[in-house]
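Chemist: I have a structure I would like to understand better, so I am pasting it below and will then ask my questions one at a time.
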Amino acid sequence: MEDEIPDVDDLFGEDYPSPSQQITEESAAITDSNPEPNFEDDAIESLMQVEPSTPQTEIQPADAEFMGEKGGVVTGRGRMEAAFGTGDGDEVATAQVAQVSSEVQTGTIFHQVYRPWRGNLNSRWVRNWSILRYHIYGLFSKGHKPWPMMTKLVIFGVLIASIGDLLLLTVGAATGVEAIERLAGISRGNLYGHVLSFWFRNACTYPIVTALIIGGMISEDRRNGTSALYFSRPVNRRDYAAMKFLSVAIILSVVVLFTLSAYYLGAILVGGEGWSYVMDTGLLFLGAFLAGGLLVFTYTSIGLALSSVSSGKFFPAVAFIGLILGTKMVAFLIWALFDSSAIYLISPYDNLAHVGQWMLGLNHTYEHPASWSLVMLITMNAISLYILSARVSSLEVTRE
Amino acid sequence: MYGPHVAIDEMSLKINSGATALLGPNGAGKSTMIKTLLGLIQLTSGDGEVLGYNIRTEGDSIRQRIGYMPEYDCLTPEMNAIHQVKYCGELTGMNTNVAMQRAHEVLEYVGLRDQRYREISSFSTGMMQATKLACAIIHDPELLICDEPTNGLDTKARGFMLDTLFQVVKQGNRSILMCSHLMDDVEKICDRIVMIHKGKLIAQGKIEDLKAIDREIEIWVWGGASRMEAALNDAGLTPRRTGRVMRVVRQDETTYDLVLELAAKAQVQIRRMEDYEPSLEDLFLVIMDRLGYGVKSSADLLQSQPPTTSVAPAPSQPGGNF
């Protein structure tokens, strides 16, 4: 194979200088200092307008200043050094790379380190307690359910209004005015009135408080998608609905049942009553307490059912008030026209009132049997709980 | 079953530890798959285990060990981030104080250290995604399920989110199951994919292995690309052409010689010819093309439902018909 490779001389011929020679000679010419330009060719001179080169003198103004140093020359190299650092680029290069976690020094602003957690997770009841606490503590402190300020104020206002009879009783005892004591003292009518009087407790306060509480209880989870946070964790739907129910019921119980208990205990303490008084009135209080419990349960189940079918808090709140007050008004109008109290069966409030009258042994203001109202009450609660469970089952973890 | 529909059918798959992507067009059954893995759907037939727990009977235990990052908003806008994350920890079963301490840690990890007391309603999309991630990892789950984690993020936030997820896998030694239609994201995080279509498994395995299924040769031609295309078609190589660049399936070692021969006959210059390294996007499109979807990018699949006229029946065999 070597024989087939032509020699350089064969390619260029002996008379012609080899490429290496040519380069050497040319380079020698180039490296000659101050080569004389050839001005003999006039044509070329006229075309190119070549002027004799003159050695350029470097201008170094005495007042020049560059990078803080006077007298320096602002050259291209200087600018490059300013931009990219000093040196000719042949020094040993070092690269600055991101530090690993073990080498983090002072001055690191943010270093992302995943820290594992090896704690124990608690049982179902602790998780349920956290849901309950989230909703109830939210009324008092930050970091839990963000209840609107209006809701908090209304609950506080109704709470104060609900202990109005206790305050009146205290005033009566303090002043010694018997009329006030008789007016505000423990009786069937007053116990019933504390829980089930239409004016003003069930016309104004209790339904409004309930509406404000249930408004966003489930509907906001649907709207914000927070249901995904619950159900992608070990919280089952039954526990979720139960804790929501319990949260609403506890808040309502504070307003209705706690104030009823405070009223009864206050009456005993303020009047200095003994055990015989407790024996006489204890059953009445128990009846009122059960009637109040039934009211809390019914309002909660209807309210949460409405909340679960919506994705906003306005509709459930308005629908609840409309249902409680609207059915009452419709029943009243029809009763006034046809003189039949059975129409009151459509009204949750009237069913509660009727059953409450029966529990406290009061004269019934309705003509139909109390058992009908009880059955209707059970039916309403059953339907509400069914809607609640069905709608909670439809809450999504992922969106289709 | 999902109502009257069969949502997942004949699916037999094993997802190993590490980062796995769950891919498929709209309506493929990805969400149903996630719900099944979370133990939220009662199977009508079949069985499965997640992290060693039965998906039929031990849903609570599974969800205690899984972190789920939903695609859509799932945060309470009026809360601040620290309390939202803490509450998520409590819902998983953490003590209040422990949950608060851990919430600080994970919010720092996801880059929200300075924003943790800000109200969520004032957060940007990237910050909300980061908060959702913090909620998902507060209890240090063994498996993290992320549904479109980079949805709605700009380039910078997207890069940070991907880095963060990557570190969960690498630093935390945790597993991730990631749903995404962004193949670049998937390739950055995941080394395996599970591809489903119409509730059936059509591909699963390592991305590198799946890419090797359809090896292609990329040919850059000059002077007569149409003649070359016709010659390749006549030879049965069925090129895919974009201008002067065309790709043919590499059938065997002789494909190169065949292409050169055809080029010579067609009097076409071949400027460059090399094995083409397909991206996951390419792989996805090839599979979708075989299933009858006329899409040009994976993003198209999110825009509309598959065409009813050209949808081929899904493969009957689990694992697909590659």
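Residue numbers start at 1 in each chain; chains themselves are named A, B, ... in the order of the structure tokens; ligands are numbered from 1 in the order shown.
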Within 10 Å of chain B, which residues of chain A show up? Give each one with its shortest atom-to-atom distance in Å (one decimal) and the two atoms involved, counting only C-alpha atoms, rows by chain then rising residue number, as CSV.

Modeler:
residue,atom,partner,partner_atom,distance
A:Phe110,CA,B:Gly111,CA,7.9
A:His111,CA,B:Tyr109,CA,8.2
A:Gln112,CA,B:Tyr109,CA,5.5
A:Val113,CA,B:Tyr109,CA,6.3
A:Tyr114,CA,B:Gly172,CA,5.8
A:Arg115,CA,B:Gly172,CA,7.1
A:Pro116,CA,B:Asp140,CA,6.0
A:Trp117,CA,B:Asp140,CA,5.6
A:Arg118,CA,B:Asp140,CA,7.8
A:Gly119,CA,B:Met94,CA,8.1
A:Asn120,CA,B:Met94,CA,7.3
A:Leu121,CA,B:Gly93,CA,4.7
A:Asn122,CA,B:Gly93,CA,4.5
A:Ser123,CA,B:Gly93,CA,6.4
A:Arg124,CA,B:Gly93,CA,7.4
A:Trp125,CA,B:Gly93,CA,8.9
A:Val126,CA,B:Gly93,CA,6.4
A:Arg127,CA,B:Leu91,CA,5.1
A:Asn128,CA,B:Leu91,CA,7.7
A:Trp129,CA,B:Leu91,CA,9.2
A:Ser130,CA,B:Glu90,CA,6.2
A:Ile131,CA,B:Leu91,CA,7.3
A:Tyr134,CA,B:Tyr87,CA,8.0
A:Lys142,CA,B:His83,CA,8.7
A:Gly143,CA,B:His83,CA,5.2
A:His144,CA,B:His83,CA,7.2
A:Lys145,CA,B:Met79,CA,7.7
A:Pro146,CA,B:Glu78,CA,6.3
A:Trp147,CA,B:Glu78,CA,9.1
A:Pro148,CA,B:Glu78,CA,9.6
A:Glu220,CA,B:Thr76,CA,8.6
A:Asp221,CA,B:Thr76,CA,8.3
A:Arg222,CA,B:Cys74,CA,9.2
A:Arg223,CA,B:Cys74,CA,8.9
A:Asn224,CA,B:Cys74,CA,5.6
A:Gly225,CA,B:Cys74,CA,4.2
A:Thr226,CA,B:Cys74,CA,4.4
A:Ser227,CA,B:Cys74,CA,7.3
A:Ala228,CA,B:Cys74,CA,6.3
A:Leu229,CA,B:Cys74,CA,6.6
A:Tyr230,CA,B:Leu91,CA,7.0
A:Phe231,CA,B:Leu40,CA,8.0
A:Ser232,CA,B:Arg63,CA,6.2
A:Arg233,CA,B:Arg63,CA,5.1
A:Pro234,CA,B:Asp60,CA,4.5
A:Val235,CA,B:Leu91,CA,7.2
A:Asn236,CA,B:Asp60,CA,7.8
A:Glu396,CA,B:Lys35,CA,9.5
A:Val397,CA,B:Lys35,CA,7.5
A:Thr398,CA,B:Ser31,CA,6.2
A:Arg399,CA,B:Ser31,CA,7.6
A:Glu400,CA,B:Ser31,CA,7.0

Chemist: Would you mind exporting the chosen residues as a compact mmCIF listing (two decimals), in the first residue's frame, restricted to N, CA and C atoms?

Modeler:
# COMPACT_ATOMS: atom_id res chain seq x y z
N PHE A 110 -31.27 29.36 50.33
CA PHE A 110 -32.28 28.30 50.29
C PHE A 110 -31.63 27.02 49.82
N HIS A 111 -31.73 26.02 50.61
CA HIS A 111 -31.19 24.74 50.20
C HIS A 111 -32.27 23.70 50.44
N GLN A 112 -32.60 23.01 49.41
CA GLN A 112 -33.74 22.10 49.46
C GLN A 112 -33.29 20.73 49.95
N VAL A 113 -33.74 20.40 51.12
CA VAL A 113 -33.40 19.10 51.69
C VAL A 113 -34.68 18.40 52.11
N TYR A 114 -34.87 17.21 51.62
CA TYR A 114 -36.06 16.45 52.01
C TYR A 114 -35.78 15.76 53.33
N ARG A 115 -36.57 16.10 54.34
CA ARG A 115 -36.37 15.49 55.64
C ARG A 115 -37.44 14.44 55.88
N PRO A 116 -37.03 13.23 56.07
CA PRO A 116 -38.03 12.18 56.32
C PRO A 116 -38.65 12.34 57.71
N TRP A 117 -39.80 11.76 57.89
CA TRP A 117 -40.49 11.81 59.17
C TRP A 117 -40.83 10.39 59.58
N ARG A 118 -40.50 10.06 60.79
CA ARG A 118 -40.69 8.68 61.24
C ARG A 118 -41.61 8.59 62.45
N GLY A 119 -42.61 9.44 62.53
CA GLY A 119 -43.51 9.41 63.68
C GLY A 119 -44.64 8.42 63.48
N ASN A 120 -45.47 8.32 64.51
CA ASN A 120 -46.61 7.41 64.43
C ASN A 120 -47.88 8.20 64.13
N LEU A 121 -48.70 7.58 63.32
CA LEU A 121 -49.98 8.20 62.99
C LEU A 121 -51.05 7.64 63.92
N ASN A 122 -51.92 8.52 64.36
CA ASN A 122 -52.92 8.11 65.34
C ASN A 122 -54.13 7.44 64.69
N SER A 123 -55.04 7.03 65.55
CA SER A 123 -56.18 6.23 65.10
C SER A 123 -57.28 7.10 64.51
N ARG A 124 -58.31 6.43 64.12
CA ARG A 124 -59.46 7.06 63.48
C ARG A 124 -60.09 8.15 64.34
N TRP A 125 -60.16 7.91 65.65
CA TRP A 125 -60.86 8.85 66.51
C TRP A 125 -60.09 10.15 66.67
N VAL A 126 -58.78 10.06 66.59
CA VAL A 126 -57.98 11.29 66.65
C VAL A 126 -58.19 12.10 65.37
N ARG A 127 -58.28 11.40 64.26
CA ARG A 127 -58.54 12.11 62.99
C ARG A 127 -59.92 12.77 63.03
N ASN A 128 -60.90 12.03 63.56
CA ASN A 128 -62.25 12.60 63.65
C ASN A 128 -62.28 13.80 64.60
N TRP A 129 -61.53 13.68 65.66
CA TRP A 129 -61.47 14.78 66.62
C TRP A 129 -60.87 16.02 65.96
N SER A 130 -59.91 15.81 65.09
CA SER A 130 -59.30 16.96 64.42
C SER A 130 -60.31 17.66 63.50
N ILE A 131 -61.19 16.89 62.88
CA ILE A 131 -62.24 17.52 62.05
C ILE A 131 -63.19 18.33 62.92
N TYR A 134 -61.46 21.40 64.25
CA TYR A 134 -61.25 22.37 63.17
C TYR A 134 -62.48 23.28 63.01
N LYS A 142 -57.59 31.43 65.44
CA LYS A 142 -57.10 31.30 64.08
C LYS A 142 -56.50 29.92 63.88
N GLY A 143 -56.33 29.59 62.62
CA GLY A 143 -55.68 28.32 62.32
C GLY A 143 -56.66 27.18 62.15
N HIS A 144 -57.93 27.47 62.31
CA HIS A 144 -58.96 26.45 62.11
C HIS A 144 -59.91 26.95 61.04
N LYS A 145 -61.10 26.41 61.02
CA LYS A 145 -62.03 26.82 59.96
C LYS A 145 -62.24 28.33 59.99
N PRO A 146 -62.02 28.97 58.86
CA PRO A 146 -62.16 30.44 58.85
C PRO A 146 -63.62 30.87 58.76
N TRP A 147 -64.29 30.91 59.91
CA TRP A 147 -65.67 31.38 59.92
C TRP A 147 -65.70 32.87 59.62
N PRO A 148 -66.70 33.31 58.87
CA PRO A 148 -66.81 34.76 58.62
C PRO A 148 -67.11 35.51 59.92
N GLU A 220 -68.89 24.35 50.70
CA GLU A 220 -67.57 24.95 50.43
C GLU A 220 -66.52 23.90 50.15
N ASP A 221 -66.67 22.74 50.76
CA ASP A 221 -65.74 21.64 50.44
C ASP A 221 -65.91 21.23 48.98
N ARG A 222 -67.15 21.28 48.53
CA ARG A 222 -67.41 20.94 47.12
C ARG A 222 -66.87 22.04 46.20
N ARG A 223 -67.11 23.29 46.60
CA ARG A 223 -66.69 24.40 45.74
C ARG A 223 -65.17 24.53 45.70
N ASN A 224 -64.54 24.45 46.87
CA ASN A 224 -63.07 24.62 46.92
C ASN A 224 -62.31 23.36 46.56
N GLY A 225 -63.01 22.26 46.47
CA GLY A 225 -62.33 20.99 46.19
C GLY A 225 -61.65 20.40 47.40
N THR A 226 -61.92 20.96 48.59
CA THR A 226 -61.25 20.47 49.79
C THR A 226 -61.71 19.06 50.17
N SER A 227 -62.78 18.60 49.55
CA SER A 227 -63.19 17.21 49.81
C SER A 227 -62.06 16.26 49.44
N ALA A 228 -61.26 16.65 48.44
CA ALA A 228 -60.14 15.79 48.04
C ALA A 228 -59.13 15.63 49.18
N LEU A 229 -58.99 16.69 49.98
CA LEU A 229 -58.05 16.60 51.10
C LEU A 229 -58.54 15.60 52.15
N TYR A 230 -59.85 15.54 52.32
CA TYR A 230 -60.39 14.60 53.30
C TYR A 230 -60.31 13.16 52.79
N PHE A 231 -60.83 12.97 51.58
CA PHE A 231 -61.04 11.59 51.14
C PHE A 231 -59.79 10.95 50.55
N SER A 232 -58.76 11.74 50.29
CA SER A 232 -57.51 11.10 49.90
C SER A 232 -56.69 10.75 51.14
N ARG A 233 -57.25 11.04 52.28
CA ARG A 233 -56.63 10.65 53.55
C ARG A 233 -57.52 9.60 54.22
N PRO A 234 -57.04 9.01 55.28
CA PRO A 234 -57.84 7.93 55.87
C PRO A 234 -59.07 8.42 56.61
N VAL A 235 -59.86 9.23 55.94
CA VAL A 235 -61.12 9.71 56.50
C VAL A 235 -62.23 9.17 55.61
N ASN A 236 -63.07 8.32 56.17
CA ASN A 236 -64.15 7.80 55.31
C ASN A 236 -65.34 8.75 55.33
N GLU A 396 -66.13 14.27 45.15
CA GLU A 396 -65.06 13.62 44.39
C GLU A 396 -63.69 13.86 45.02
N VAL A 397 -62.84 12.89 44.81
CA VAL A 397 -61.43 13.07 45.15
C VAL A 397 -60.71 13.63 43.93
N THR A 398 -61.04 13.08 42.79
CA THR A 398 -60.51 13.60 41.54
C THR A 398 -61.68 14.18 40.76
N ARG A 399 -61.38 15.03 39.84
CA ARG A 399 -62.47 15.57 39.00
C ARG A 399 -62.41 14.92 37.65
N GLU A 400 -63.56 14.49 37.20
CA GLU A 400 -63.60 13.75 35.92
C GLU A 400 -63.52 14.73 34.76

Chemist: Let's see if you can do this: from backbone DSSP, list all alpha helix (DSSP H) residues in range 15-161 of chain B, as a compact mmCIF listing (two decimals) with C-alpha atoms, in the first residue's frame.

Modeler:
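Saved to states_22.txt:
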# COMPACT_ATOMS: atom_id res chain seq x y z
CA LYS B 30 -56.48 7.55 34.92
CA SER B 31 -58.64 9.15 37.60
CA THR B 32 -60.47 5.89 38.20
CA MET B 33 -57.12 4.20 38.47
CA ILE B 34 -55.98 6.70 41.09
CA LYS B 35 -59.19 6.27 43.06
CA THR B 36 -58.77 2.55 42.89
CA LEU B 37 -55.24 2.80 44.19
CA GLY B 59 -58.29 1.54 52.09
CA ASP B 60 -57.62 3.51 55.28
CA SER B 61 -54.21 1.92 55.75
CA ILE B 62 -53.34 2.64 52.12
CA ARG B 63 -54.39 6.26 52.32
CA GLN B 64 -52.40 6.71 55.51
CA ARG B 65 -49.26 5.77 53.58
CA ALA B 81 -50.56 27.88 54.20
CA ILE B 82 -49.11 26.71 57.48
CA HIS B 83 -52.48 25.92 59.01
CA GLN B 84 -53.76 24.30 55.85
CA VAL B 85 -50.80 21.97 55.74
CA LYS B 86 -51.04 21.32 59.47
CA TYR B 87 -54.70 20.38 59.12
CA CYS B 88 -53.81 17.94 56.36
CA GLY B 89 -51.33 16.33 58.72
CA GLU B 90 -53.97 16.08 61.42
CA LEU B 91 -56.37 14.47 58.99
CA THR B 92 -53.76 11.83 58.36
CA THR B 96 -51.32 18.77 66.45
CA ASN B 97 -47.87 19.87 67.61
CA VAL B 98 -46.09 17.34 65.45
CA ALA B 99 -48.20 18.35 62.47
CA MET B 100 -47.33 22.01 63.01
CA GLN B 101 -43.61 21.28 63.26
CA ARG B 102 -43.71 19.10 60.18
CA ALA B 103 -45.76 21.72 58.31
CA HIS B 104 -42.93 24.19 58.80
CA GLU B 105 -40.45 21.67 57.46
CA VAL B 106 -42.35 20.73 54.34
CA LEU B 107 -43.29 24.30 53.50
CA GLU B 108 -39.64 25.19 53.67
CA TYR B 109 -38.88 22.22 51.47
CA THR B 125 -50.65 29.10 40.87
CA GLY B 126 -47.12 27.91 41.52
CA MET B 127 -47.43 28.61 45.22
CA MET B 128 -50.74 26.80 45.38
CA GLN B 129 -49.22 23.79 43.66
CA ALA B 130 -46.36 23.90 46.14
CA THR B 131 -48.82 24.06 49.02
CA LYS B 132 -50.68 21.07 47.65
CA LEU B 133 -47.41 19.20 47.45
CA ALA B 134 -46.64 20.16 51.04
CA CYS B 135 -50.05 18.83 52.07
CA ALA B 136 -49.29 15.58 50.30
CA ILE B 137 -45.87 14.99 51.82
CA THR B 155 -41.33 27.68 33.12
CA LYS B 156 -39.52 28.65 36.28
CA ALA B 157 -42.13 27.30 38.67
CA ARG B 158 -42.43 24.17 36.59
CA GLY B 159 -38.71 23.54 36.77
CA PHE B 160 -38.75 24.02 40.52
CA MET B 161 -41.69 21.68 40.96

Chemist: What does the structure give for the distance between CA of Leu286 in chain A and CA of Asn351 in chain A, in Å to one decimal?

Modeler: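 That distance, rounded to one decimal, is 18.9 Å.
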
Chemist: So that I can see what lies close to range 287-297 of chain A, please list as number ranges by chain the residues with an atom at most 9 Å from it, counting only C-alpha atoms and leaving out residues fewer than 6 positions away in the same chain.

Modeler: A: 188, 191-192, 194-196, 210, 245, 248-250, 252-253, 256-257, 260-261, 349, 352-353, 355-357, 359-361, 381

Chemist: Within 10 Å of Ile321 in chain A, counting only C-alpha atoms, which residues qualify if same-chain residues fewer than 5 places away don't, as a PyMOL selection string?

Modeler: chain A and resi 203-204+206-212+303+316+326-327

Chemist: Can you tell me which residues surround Glu181 in chain A at a distance of at most 10 Å, considering only C-alpha atoms, apart from same-chain residues fewer than 2 positions away, and format the answer as a VMD selection string?

Modeler: chain A and resid 168 to 179 183 to 186 267 271

Chemist: Any chance you can output those residues with N, CA and C atoms as a JSON list (two decimals), in the first residue's frame?

Modeler:
[["chain", "number", "residue", "atom", "x", "y", "z"],
["A", 168, "LEU", "N", -82.87, 38.23, 83.14],
["A", 168, "LEU", "CA", -84.09, 38.82, 83.70],
["A", 168, "LEU", "C", -84.37, 38.26, 85.10],
["A", 169, "LEU", "N", -84.15, 36.94, 85.19],
["A", 169, "LEU", "CA", -84.34, 36.27, 86.48],
["A", 169, "LEU", "C", -83.39, 36.83, 87.53],
["A", 170, "THR", "N", -82.15, 37.06, 87.11],
["A", 170, "THR", "CA", -81.14, 37.59, 88.02],
["A", 170, "THR", "C", -81.52, 39.01, 88.46],
["A", 171, "VAL", "N", -81.98, 39.77, 87.51],
["A", 171, "VAL", "CA", -82.41, 41.14, 87.84],
["A", 171, "VAL", "C", -83.57, 41.10, 88.82],
["A", 172, "GLY", "N", -84.52, 40.19, 88.57],
["A", 172, "GLY", "CA", -85.68, 40.05, 89.47],
["A", 172, "GLY", "C", -85.26, 39.70, 90.88],
["A", 173, "ALA", "N", -84.31, 38.73, 90.98],
["A", 173, "ALA", "CA", -83.85, 38.31, 92.31],
["A", 173, "ALA", "C", -83.08, 39.42, 92.99],
["A", 174, "ALA", "N", -82.31, 40.15, 92.20],
["A", 174, "ALA", "CA", -81.49, 41.22, 92.79],
["A", 174, "ALA", "C", -82.35, 42.38, 93.27],
["A", 175, "THR", "N", -83.37, 42.67, 92.53],
["A", 175, "THR", "CA", -84.23, 43.81, 92.90],
["A", 175, "THR", "C", -85.36, 43.41, 93.84],
["A", 176, "GLY", "N", -85.65, 42.10, 93.86],
["A", 176, "GLY", "CA", -86.73, 41.63, 94.72],
["A", 176, "GLY", "C", -88.10, 41.88, 94.16],
["A", 177, "VAL", "N", -88.21, 42.21, 92.91],
["A", 177, "VAL", "CA", -89.51, 42.44, 92.29],
["A", 177, "VAL", "C", -90.12, 41.10, 91.91],
["A", 178, "GLU", "N", -91.19, 40.72, 92.58],
["A", 178, "GLU", "CA", -91.77, 39.40, 92.38],
["A", 178, "GLU", "C", -92.33, 39.22, 90.97],
["A", 179, "ALA", "N", -92.84, 40.30, 90.43],
["A", 179, "ALA", "CA", -93.44, 40.21, 89.09],
["A", 179, "ALA", "C", -92.41, 39.73, 88.07],
["A", 183, "LEU", "N", -92.41, 36.26, 86.07],
["A", 183, "LEU", "CA", -92.37, 36.34, 84.60],
["A", 183, "LEU", "C", -91.26, 35.47, 84.02],
["A", 184, "ALA", "N", -90.10, 35.51, 84.69],
["A", 184, "ALA", "CA", -88.94, 34.83, 84.13],
["A", 184, "ALA", "C", -88.63, 33.52, 84.82],
["A", 185, "GLY", "N", -89.38, 33.13, 85.80],
["A", 185, "GLY", "CA", -89.09, 31.91, 86.56],
["A", 185, "GLY", "C", -89.34, 30.64, 85.77],
["A", 186, "ILE", "N", -88.87, 29.52, 86.36],
["A", 186, "ILE", "CA", -89.04, 28.23, 85.68],
["A", 186, "ILE", "C", -90.50, 27.83, 85.66],
["A", 267, "ALA", "N", -81.78, 29.54, 87.69],
["A", 267, "ALA", "CA", -83.02, 29.73, 88.46],
["A", 267, "ALA", "C", -82.90, 29.06, 89.82],
["A", 271, "GLY", "N", -82.67, 31.56, 92.96],
["A", 271, "GLY", "CA", -83.80, 31.44, 93.89],
["A", 271, "GLY", "C", -83.44, 30.71, 95.16]]

Chemist: Using only C-alpha atoms for the distances, tell me which of B:Val245, B:Leu283, B:Thr57, B:Pro278 is nearest to Val221 in chain B.

Modeler: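 So, comparing all the options, the nearest one is B:Val245.
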
Chemist: Taking only C-alpha atoms into account, name the residue in B:Leu143, B:Ile8, B:Ala19, B:Val259 that is nearest to Asp185 in chain B.

Modeler: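 Nearest to Asp185 in chain B: B:Ala19.
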
Chemist: Kindly give the distance, in Å, that separates CA of Thr281 in chain A and CA of Ser197 in chain A, rounded to a single decimal.

Modeler: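 These atoms are spaced 19.2 Å apart.
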
Chemist: Between B:Glu142, B:Glu277, B:Glu216, B:Glu229, which has the minimum distance to Glu253 in chain B (counting only C-alpha atoms)?

Modeler: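 Ranking B:Glu142, B:Glu277, B:Glu216, B:Glu229 by distance to Glu253 in chain B, first place goes to B:Glu216.
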
Chemist: Taking 2 positions as the minimum chain separation for residues in the same chain, which residues sit within 12 Å of Glu274 in chain B when counting only C-alpha atoms? Answer as a list in words.

Modeler: Arg215, Glu216, Ile217, Glu218, Ile219, Trp220, Val245, Met246, Arg247, Val248, Val249, Arg250, Thr255, Tyr256, Val259, Ile270, Arg271, Arg272, Tyr276 and Glu277 of chain B

Chemist: May I have the residues from that selection written out with N, CA and C atoms, as an mmCIF file, in the first residue's frame?

Modeler:
data_model
loop_
_atom_site.group_PDB
_atom_site.id
_atom_site.type_symbol
_atom_site.label_atom_id
_atom_site.label_comp_id
_atom_site.auth_asym_id
_atom_site.auth_seq_id
_atom_site.Cartn_x
_atom_site.Cartn_y
_atom_site.Cartn_z
ATOM 1 N N ARG B 215 -37.405 1.406 16.764
ATOM 2 C CA ARG B 215 -36.187 2.138 16.434
ATOM 3 C C ARG B 215 -36.312 2.674 15.015
ATOM 4 N N GLU B 216 -35.924 3.900 14.848
ATOM 5 C CA GLU B 216 -36.053 4.521 13.532
ATOM 6 C C GLU B 216 -34.699 5.035 13.055
ATOM 7 N N ILE B 217 -34.621 5.178 11.746
ATOM 8 C CA ILE B 217 -33.436 5.786 11.137
ATOM 9 C C ILE B 217 -33.865 7.136 10.578
ATOM 10 N N GLU B 218 -33.093 8.136 10.932
ATOM 11 C CA GLU B 218 -33.408 9.469 10.422
ATOM 12 C C GLU B 218 -32.487 9.772 9.235
ATOM 13 N N ILE B 219 -33.098 10.179 8.141
ATOM 14 C CA ILE B 219 -32.329 10.394 6.905
ATOM 15 C C ILE B 219 -32.510 11.845 6.472
ATOM 16 N N TRP B 220 -31.397 12.513 6.249
ATOM 17 C CA TRP B 220 -31.431 13.886 5.730
ATOM 18 C C TRP B 220 -31.014 13.809 4.267
ATOM 19 N N VAL B 245 -36.132 15.930 5.811
ATOM 20 C CA VAL B 245 -35.823 14.915 6.825
ATOM 21 C C VAL B 245 -36.931 13.877 6.841
ATOM 22 N N MET B 246 -36.534 12.634 6.804
ATOM 23 C CA MET B 246 -37.540 11.572 6.886
ATOM 24 C C MET B 246 -37.040 10.447 7.775
ATOM 25 N N ARG B 247 -38.005 9.770 8.357
ATOM 26 C CA ARG B 247 -37.642 8.668 9.244
ATOM 27 C C ARG B 247 -38.299 7.396 8.759
ATOM 28 N N VAL B 248 -37.545 6.324 8.829
ATOM 29 C CA VAL B 248 -38.093 5.005 8.494
ATOM 30 C C VAL B 248 -37.805 4.070 9.645
ATOM 31 N N VAL B 249 -38.645 3.080 9.777
ATOM 32 C CA VAL B 249 -38.448 2.109 10.850
ATOM 33 C C VAL B 249 -37.245 1.237 10.506
ATOM 34 N N ARG B 250 -36.393 1.093 11.486
ATOM 35 C CA ARG B 250 -35.220 0.231 11.267
ATOM 36 C C ARG B 250 -35.655 -1.209 11.480
ATOM 37 N N THR B 255 -31.260 -2.448 6.793
ATOM 38 C CA THR B 255 -32.076 -1.289 6.403
ATOM 39 C C THR B 255 -31.200 -0.137 5.904
ATOM 40 N N TYR B 256 -30.038 0.049 6.557
ATOM 41 C CA TYR B 256 -29.128 1.105 6.113
ATOM 42 C C TYR B 256 -28.721 0.899 4.658
ATOM 43 N N VAL B 259 -31.501 1.628 2.255
ATOM 44 C CA VAL B 259 -31.739 3.066 2.075
ATOM 45 C C VAL B 259 -30.699 3.660 1.131
ATOM 46 N N ILE B 270 -27.627 11.627 0.186
ATOM 47 C CA ILE B 270 -27.940 11.478 1.616
ATOM 48 C C ILE B 270 -26.870 12.224 2.385
ATOM 49 N N ARG B 271 -27.301 13.287 3.036
ATOM 50 C CA ARG B 271 -26.346 14.119 3.771
ATOM 51 C C ARG B 271 -26.053 13.554 5.157
ATOM 52 N N ARG B 272 -27.028 12.902 5.705
ATOM 53 C CA ARG B 272 -26.848 12.401 7.071
ATOM 54 C C ARG B 272 -27.817 11.254 7.279
ATOM 55 N N TYR B 276 -32.330 7.233 15.133
ATOM 56 C CA TYR B 276 -33.054 8.328 15.788
ATOM 57 C C TYR B 276 -33.407 7.907 17.212
ATOM 58 N N GLU B 277 -33.060 8.780 18.149
ATOM 59 C CA GLU B 277 -33.390 8.515 19.560
ATOM 60 C C GLU B 277 -34.761 9.111 19.846
#

Chemist: Could you state the separation of CA of Met217 in chain A and CA of Met329 in chain A in Å, given to one decimal place?

Modeler: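 That distance, rounded to one decimal, is 27.0 Å.
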
Chemist: Considering only C-alpha atoms, state which residue in the set B:Leu262, B:Ile207, B:Cys190, B:Ile120 is at the smallest distance from Asn233 in chain B.

Modeler: B:Leu262

Chemist: Would you mind listing what lies within 10 Å of Val186 in chain B as a PyMOL selection string, with only C-alpha atoms counted and same-chain residues fewer than 3 positions away left out?

Modeler: chain B and resi 19-23+162+178-183+189-193+207+280-281

Chemist: Given the selection you just returned, output its residues as a file containing C-alpha atoms, formatted as a short mmCIF file (atom, residue, chain, number, x, y, z; two decimals), in the first residue's frame.

Modeler:
data_model
loop_
_atom_site.label_atom_id
_atom_site.label_comp_id
_atom_site.auth_asym_id
_atom_site.auth_seq_id
_atom_site.Cartn_x
_atom_site.Cartn_y
_atom_site.Cartn_z
CA ALA B 19 -40.95 7.19 39.73
CA THR B 20 -43.66 5.95 37.41
CA ALA B 21 -45.83 7.93 35.03
CA LEU B 22 -49.47 7.13 34.42
CA LEU B 23 -50.32 8.18 30.89
CA LEU B 162 -39.99 19.00 38.88
CA MET B 178 -47.31 10.87 38.30
CA CYS B 179 -50.14 11.64 35.91
CA SER B 180 -49.15 14.12 33.27
CA HIS B 181 -49.68 14.87 29.63
CA LEU B 182 -46.39 16.76 29.43
CA MET B 183 -43.95 14.16 28.24
CA ILE B 189 -38.91 12.55 36.74
CA CYS B 190 -39.94 9.07 35.78
CA ASP B 191 -38.08 6.07 34.62
CA ARG B 192 -41.14 3.93 34.05
CA ILE B 193 -44.52 4.48 32.48
CA ILE B 207 -39.16 4.24 29.23
CA LEU B 280 -41.35 9.84 25.13
CA GLU B 281 -43.57 12.16 23.14
#
